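Report on the following structure.
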Amino acid sequence: MPRISFEFFPPKSLEASFRLWDCVNTLAPLAPDFVSVTYGAGGTTRKLTHEAVSTLNKTTELTVAAHLTCVDATRAETLEIADQYAAAGITDIVALRGDAPKGSDGFTAHPEGFGSSVELIGALAETGKFNIRVGAYPEKHPEAADQAADIAFLKRKIDAGATSAITQFFFEADTFFRFRDACVKAGIDAPIIPGILPVENWNGVQKFAKACGTHIPPVVSQAFENATRDGTTDLLATALTTELCDDLITGGVDHLHFYTLNKPSLTYDVARALGIAPKHRLQNVA
């Protein structure tokens, strides 16, 4: 069976807090390698992320990875957050440049901040306190000149001290395999973990895909249009995601990272369809 991990985002309301804990309670029994908690665009959820990560770390036995970005903070402020995580026993970090605040023209480094994720990774690695994961784009980052340049930048992140990379979501296994092979050819030997997004909301996923440069195959678009009309989108999403994961496993993938969007049902159903059985009940989550 493949190893698995899950991404959550921090709650912004009491109702959202209940959704997060429901998601954790549902998925934690599947014994993930780790779970991660995101930052909002522009670092808008920095405090919420810290609270969610700290609470999960204190109240569960999960390995929790905190997202950390370069956006809207000085180097000292960013490293202070990292030190707080280390002091709390949180040693896994997903280090990212981060998205610019909504309404801005793009990422602009803080005058006293890190200018890129490579700089952030290097500073974190120098502390010797963290296992550092980074992001990767199997269909290239929207701001990259081409995929070769994007992969070269990924290699710089690995060389700076990252131990693995988690990809953006995609719809076809061959997309990941081509990217993985290109990374190996470029001299990247760190694990590349495919990011999997079970489609909970087709309209939302189309917006995500446009923003991050993910190609949607016409056959997938047509299938979801039909399923939306027939009220069978969950069945379709479960079937397509399970098939994608099965193809990846057949192709040698041994770790799948699920973007849960704090909605656990489809992710849980896909994991069960892959033969991943619950191992225990989660305890002590308030």
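In the structure tokens, chains take letters A, B, ... by order of appearance, with residues numbered from 1 within each chain and ligands from 1 in the order shown.
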
- Query: Can you list, as a list in words, every protein, DNA or RNA residue that comes within 6 Å of His67 of chain A when you count only C-alpha atoms, leaving out same-chain residues fewer than 6 positions away?
  - Reply: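 Answer for this query is Val37, Thr38, Tyr39, Ile93 and Val94 of chain A.
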
Put those residues in a file: all heavy atoms, as a compact mmCIF listing (two decimals), in the first residue's frame.
```
# COMPACT_ATOMS: atom_id res chain seq x y z
N VAL A 37 -0.65 22.04 7.13
CA VAL A 37 -1.63 23.11 7.28
C VAL A 37 -1.13 24.31 6.49
O VAL A 37 0.00 24.76 6.65
CB VAL A 37 -1.82 23.50 8.76
CG1 VAL A 37 -2.88 24.60 8.88
CG2 VAL A 37 -2.23 22.29 9.59
N THR A 38 -2.01 24.86 5.63
CA THR A 38 -1.61 25.86 4.67
C THR A 38 -1.59 27.28 5.25
O THR A 38 -2.12 27.55 6.32
CB THR A 38 -2.57 25.88 3.46
OG1 THR A 38 -3.85 26.37 3.89
CG2 THR A 38 -2.73 24.50 2.87
N TYR A 39 -0.97 28.17 4.46
CA TYR A 39 -1.06 29.61 4.65
C TYR A 39 -2.05 30.15 3.63
O TYR A 39 -2.13 29.63 2.51
CB TYR A 39 0.29 30.25 4.31
CG TYR A 39 1.11 30.72 5.47
CD1 TYR A 39 1.10 30.08 6.70
CD2 TYR A 39 1.95 31.83 5.32
CE1 TYR A 39 1.90 30.53 7.74
CE2 TYR A 39 2.74 32.27 6.35
CZ TYR A 39 2.72 31.62 7.56
OH TYR A 39 3.51 32.06 8.58
N ILE A 93 8.38 21.36 7.95
CA ILE A 93 7.92 22.61 7.35
C ILE A 93 7.79 22.43 5.84
O ILE A 93 8.65 21.82 5.20
CB ILE A 93 8.88 23.77 7.67
CG1 ILE A 93 8.68 24.21 9.13
CG2 ILE A 93 8.67 24.96 6.74
CD1 ILE A 93 9.53 25.38 9.57
N VAL A 94 6.70 22.95 5.29
CA VAL A 94 6.55 23.07 3.84
C VAL A 94 6.90 24.51 3.50
O VAL A 94 6.15 25.44 3.82
CB VAL A 94 5.11 22.74 3.39
CG1 VAL A 94 5.00 22.86 1.87
CG2 VAL A 94 4.72 21.33 3.83
```

TODO: Name the residues of segment 170-224 of chain A that fall into alpha helix (DSSP H) according to DSSP on the backbone, using the chain letters and numbers of this document, as a PyMOL selection string.
DONE: chain A and resi 173-185+202-212+218-224

What does the file look like for those residues with N, CA, C and O atoms, as a compact mmCIF listing (two decimals), in the first residue's frame?
```txt
# COMPACT_ATOMS: atom_id res chain seq x y z
N ALA A 173 -2.01 10.56 -14.97
CA ALA A 173 -0.79 10.00 -14.39
C ALA A 173 0.43 10.29 -15.26
O ALA A 173 1.53 10.54 -14.73
N ASP A 174 0.26 10.26 -16.57
CA ASP A 174 1.40 10.50 -17.46
C ASP A 174 1.99 11.89 -17.25
O ASP A 174 3.19 12.11 -17.48
N THR A 175 1.16 12.85 -16.84
CA THR A 175 1.66 14.19 -16.54
C THR A 175 2.70 14.12 -15.43
O THR A 175 3.78 14.74 -15.52
N PHE A 176 2.40 13.36 -14.40
CA PHE A 176 3.35 13.20 -13.29
C PHE A 176 4.58 12.42 -13.72
O PHE A 176 5.71 12.79 -13.39
N PHE A 177 4.38 11.33 -14.47
CA PHE A 177 5.51 10.50 -14.85
C PHE A 177 6.50 11.28 -15.73
O PHE A 177 7.72 11.15 -15.57
N ARG A 178 5.98 12.08 -16.67
CA ARG A 178 6.88 12.89 -17.50
C ARG A 178 7.68 13.86 -16.64
O ARG A 178 8.88 14.06 -16.84
N PHE A 179 6.99 14.46 -15.67
CA PHE A 179 7.67 15.41 -14.79
C PHE A 179 8.71 14.71 -13.93
O PHE A 179 9.84 15.18 -13.79
N ARG A 180 8.34 13.57 -13.37
CA ARG A 180 9.28 12.82 -12.53
C ARG A 180 10.52 12.44 -13.32
O ARG A 180 11.66 12.58 -12.82
N ASP A 181 10.33 11.97 -14.54
CA ASP A 181 11.48 11.57 -15.38
C ASP A 181 12.36 12.77 -15.70
O ASP A 181 13.60 12.66 -15.71
N ALA A 182 11.74 13.93 -15.95
CA ALA A 182 12.51 15.14 -16.25
C ALA A 182 13.30 15.59 -15.03
O ALA A 182 14.43 16.08 -15.16
N CYS A 183 12.72 15.43 -13.85
CA CYS A 183 13.43 15.78 -12.62
C CYS A 183 14.65 14.89 -12.41
O CYS A 183 15.74 15.37 -12.06
N VAL A 184 14.48 13.60 -12.64
CA VAL A 184 15.61 12.67 -12.51
C VAL A 184 16.70 13.04 -13.51
O VAL A 184 17.90 13.07 -13.17
N LYS A 185 16.31 13.36 -14.72
CA LYS A 185 17.28 13.73 -15.76
C LYS A 185 18.03 14.99 -15.38
O LYS A 185 19.21 15.16 -15.72
N TRP A 202 -16.76 21.07 -8.71
CA TRP A 202 -16.19 21.16 -10.05
C TRP A 202 -15.92 22.60 -10.46
O TRP A 202 -14.88 22.90 -11.04
N ASN A 203 -16.81 23.52 -10.15
CA ASN A 203 -16.58 24.92 -10.50
C ASN A 203 -15.34 25.46 -9.81
O ASN A 203 -14.52 26.17 -10.40
N GLY A 204 -15.18 25.11 -8.53
CA GLY A 204 -14.01 25.55 -7.79
C GLY A 204 -12.73 24.98 -8.34
O GLY A 204 -11.71 25.68 -8.46
N VAL A 205 -12.75 23.71 -8.71
CA VAL A 205 -11.55 23.07 -9.24
C VAL A 205 -11.14 23.69 -10.57
O VAL A 205 -9.94 23.87 -10.84
N GLN A 206 -12.11 24.07 -11.40
CA GLN A 206 -11.77 24.73 -12.65
C GLN A 206 -11.04 26.05 -12.40
O GLN A 206 -10.09 26.39 -13.12
N LYS A 207 -11.46 26.77 -11.38
CA LYS A 207 -10.78 28.03 -11.03
C LYS A 207 -9.37 27.76 -10.51
O LYS A 207 -8.41 28.45 -10.87
N PHE A 208 -9.23 26.73 -9.65
CA PHE A 208 -7.91 26.35 -9.16
C PHE A 208 -6.98 26.00 -10.32
O PHE A 208 -5.83 26.42 -10.37
N ALA A 209 -7.51 25.20 -11.25
CA ALA A 209 -6.70 24.74 -12.37
C ALA A 209 -6.21 25.91 -13.22
O ALA A 209 -5.05 25.95 -13.64
N LYS A 210 -7.09 26.85 -13.46
CA LYS A 210 -6.71 28.03 -14.27
C LYS A 210 -5.63 28.83 -13.57
O LYS A 210 -4.67 29.30 -14.20
N ALA A 211 -5.75 28.98 -12.26
CA ALA A 211 -4.79 29.78 -11.50
C ALA A 211 -3.41 29.15 -11.45
O ALA A 211 -2.40 29.87 -11.45
N CYS A 212 -3.34 27.83 -11.42
CA CYS A 212 -2.04 27.17 -11.25
C CYS A 212 -1.53 26.48 -12.51
O CYS A 212 -0.50 25.82 -12.49
N PRO A 218 -10.26 17.38 -21.98
CA PRO A 218 -11.66 17.57 -22.39
C PRO A 218 -12.58 16.45 -21.91
O PRO A 218 -13.73 16.70 -21.56
N VAL A 219 -12.09 15.21 -21.90
CA VAL A 219 -12.93 14.09 -21.48
C VAL A 219 -13.33 14.24 -20.01
O VAL A 219 -14.44 13.86 -19.61
N VAL A 220 -12.44 14.82 -19.19
CA VAL A 220 -12.76 15.05 -17.79
C VAL A 220 -13.80 16.16 -17.65
O VAL A 220 -14.76 16.04 -16.89
N SER A 221 -13.63 17.22 -18.42
CA SER A 221 -14.60 18.32 -18.39
C SER A 221 -15.99 17.82 -18.77
O SER A 221 -16.99 18.13 -18.10
N GLN A 222 -16.04 17.04 -19.85
CA GLN A 222 -17.33 16.54 -20.30
C GLN A 222 -17.96 15.61 -19.28
O GLN A 222 -19.17 15.66 -19.01
N ALA A 223 -17.13 14.77 -18.67
CA ALA A 223 -17.64 13.83 -17.66
C ALA A 223 -18.24 14.57 -16.48
O ALA A 223 -19.31 14.20 -15.98
N PHE A 224 -17.58 15.64 -16.03
CA PHE A 224 -18.12 16.38 -14.88
C PHE A 224 -19.34 17.21 -15.26
O PHE A 224 -20.24 17.39 -14.43
```

**Message:** List the spatial neighbours of segment 19-31 of chain A as a ChimeraX atom specification - criterion: any atom at most 12 Å away, only C-alpha atoms, same-chain residues fewer than 4 positions off excluded.
**Reply:** /A:1-15,35-37,52-53,55-57,59-64,258-272,274-286

Counting only C-alpha atoms, figure out which residue out of A:Pro142, A:Gly89, A:Pro32, A:Gly161 gets nearest to Val118 of chain A.
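When distances to Val118 of chain A are compared using only C-alpha atoms, the smallest one comes from A:Gly161.
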
- Within 6 Å of Phe114 of chain A, counting only C-alpha atoms, which residues qualify if same-chain residues fewer than 3 places away don't, as a list in words?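 The neighbour list is Cys70, Arg75, Glu119 and Leu120 of chain A.
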
Separating atom CA of Leu244 of chain A from atom CA of Ala95 of chain A, to the nearest tenth of an Å, is a gap of 26.6 Å

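Atom CA of Phe170 of chain A to atom CA of Phe18 of chain A spans 29.0 Å [interatomic distance, one decimal].
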
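Distance annotation: of A:Leu197, A:Ala152, A:Leu256, A:Ile216, the residue with the minimal separation from Ala237 of chain A is A:Leu197; atom set is only C-alpha atoms.
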
Note to self: So that I can check the surroundings of segment 78-80 of chain A, please list as a ChimeraX atom specification every protein, DNA and RNA residue that reaches within 10 Å of it, counting only C-alpha atoms and ignoring chain neighbours fewer than 5 positions away.
What the structure shows: /A:68-73,85-86,113-114,120,123-124,127

Strand (DSSP E or B) per DSSP on the backbone: members of segment 73-264 of chain A, as a PyMOL selection string: chain A and resi 92-96+131-136+164-169+192-196+255-259

Expressed in Å, the length from atom CA of Thr233 of chain A to atom CA of Asp246 of chain A is 19.6 Å

* To do: Skip Pro191 of chain A itself and residues of its chain fewer than 6 positions away, then list as a list in words all residues within 9 Å of it, counting only C-alpha atoms.
  => Thr163, Ser164, Ala165 and Ile166 of chain A
